[in-house]
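Visitor: Got a structure for you, questions after.
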Amino acid sequence: MDESQKVSLQAEFRIMDYTNTKPNYAELARKYKKDYRTIKKYHEGYEGKPRTRSKPSRLDIYREVIEEKLSIPRT
């Protein structure tokens with residue numbers, strides 16, 4: 001979903017939540033040309049994939065050894 005669709009969909013969800021009406025996911029899916037499960041997922045609070053991952057490097061366990069060897073003159 002692009003940003004403009006997300007914003008307008010979130011606005012519709014806020015209106016539905018405020019008026020205590022149950023959202024019709026199938027109708028919203030037709031309107032935004034998405035699957036109804038995607039619409040439901042966004043209504044339940046899905047924010048999208050994170051932009052970055054916090055995955056450690058395989059070399060992190062050798063960090064001290066690498067820094068020690070790099071501190072040796074003429075290397």
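Letters A, B, ... go to the chains of the structure tokens in the order shown; residues in each chain start at 1; ligands are counted from 1 in the same order.
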Would you list the contacts of Val7 (chain A) as a list in words, taking every protein, DNA or RNA residue within 12 Å and counting only C-alpha atoms, but skipping same-chain residues closer than 5 positions in sequence?
Guide: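 Close residues of Val7 (chain A): Met1, Asp2, Glu12, Phe13, Arg14, Tyr32, Tyr42, His43 and Glu47 of chain A.
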Visitor: Write down as a PyMOL selection string the residues belonging to region 1-54 of chain A that are assigned helix (DSSP H, G or I) by DSSP computed on the backbone.
Guide: chain A and resi 3-18+25-32+36-43
Visitor: Leaving out Tyr46 (chain A) and any residue of its chain fewer than 5 positions from it, which residues lie within 12 Å of it when counting only C-alpha atoms, given as a PyMOL selection string?
Guide: chain A and resi 6+10+37-41
Visitor: Could you write out the selected residues, including C-alpha atoms, as a PDB file, in the first residue's frame?
Guide:
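This is the output file result.pdb:
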```pdb
ATOM      1  CA  LYS A   6      -2.672   4.073   4.200  1.00  0.00           C
ATOM      2  CA  GLN A  10      -6.568   4.890   8.663  1.00  0.00           C
ATOM      3  CA  ARG A  37      -7.173  -9.864   4.892  1.00  0.00           C
ATOM      4  CA  THR A  38      -4.672  -7.076   4.212  1.00  0.00           C
ATOM      5  CA  ILE A  39      -7.281  -4.457   5.131  1.00  0.00           C
ATOM      6  CA  LYS A  40      -8.141  -6.361   8.309  1.00  0.00           C
ATOM      7  CA  LYS A  41      -4.449  -6.681   9.208  1.00  0.00           C
TER       8      LYS A  41
END
```
Visitor: Could you check which of A:Ile66, A:Asp60, A:Leu28, A:Thr21 is closest to Leu9 (chain A), using only C-alpha atoms?
Guide: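 Using only C-alpha atoms, the shortest distance to Leu9 (chain A) belongs to A:Leu28.
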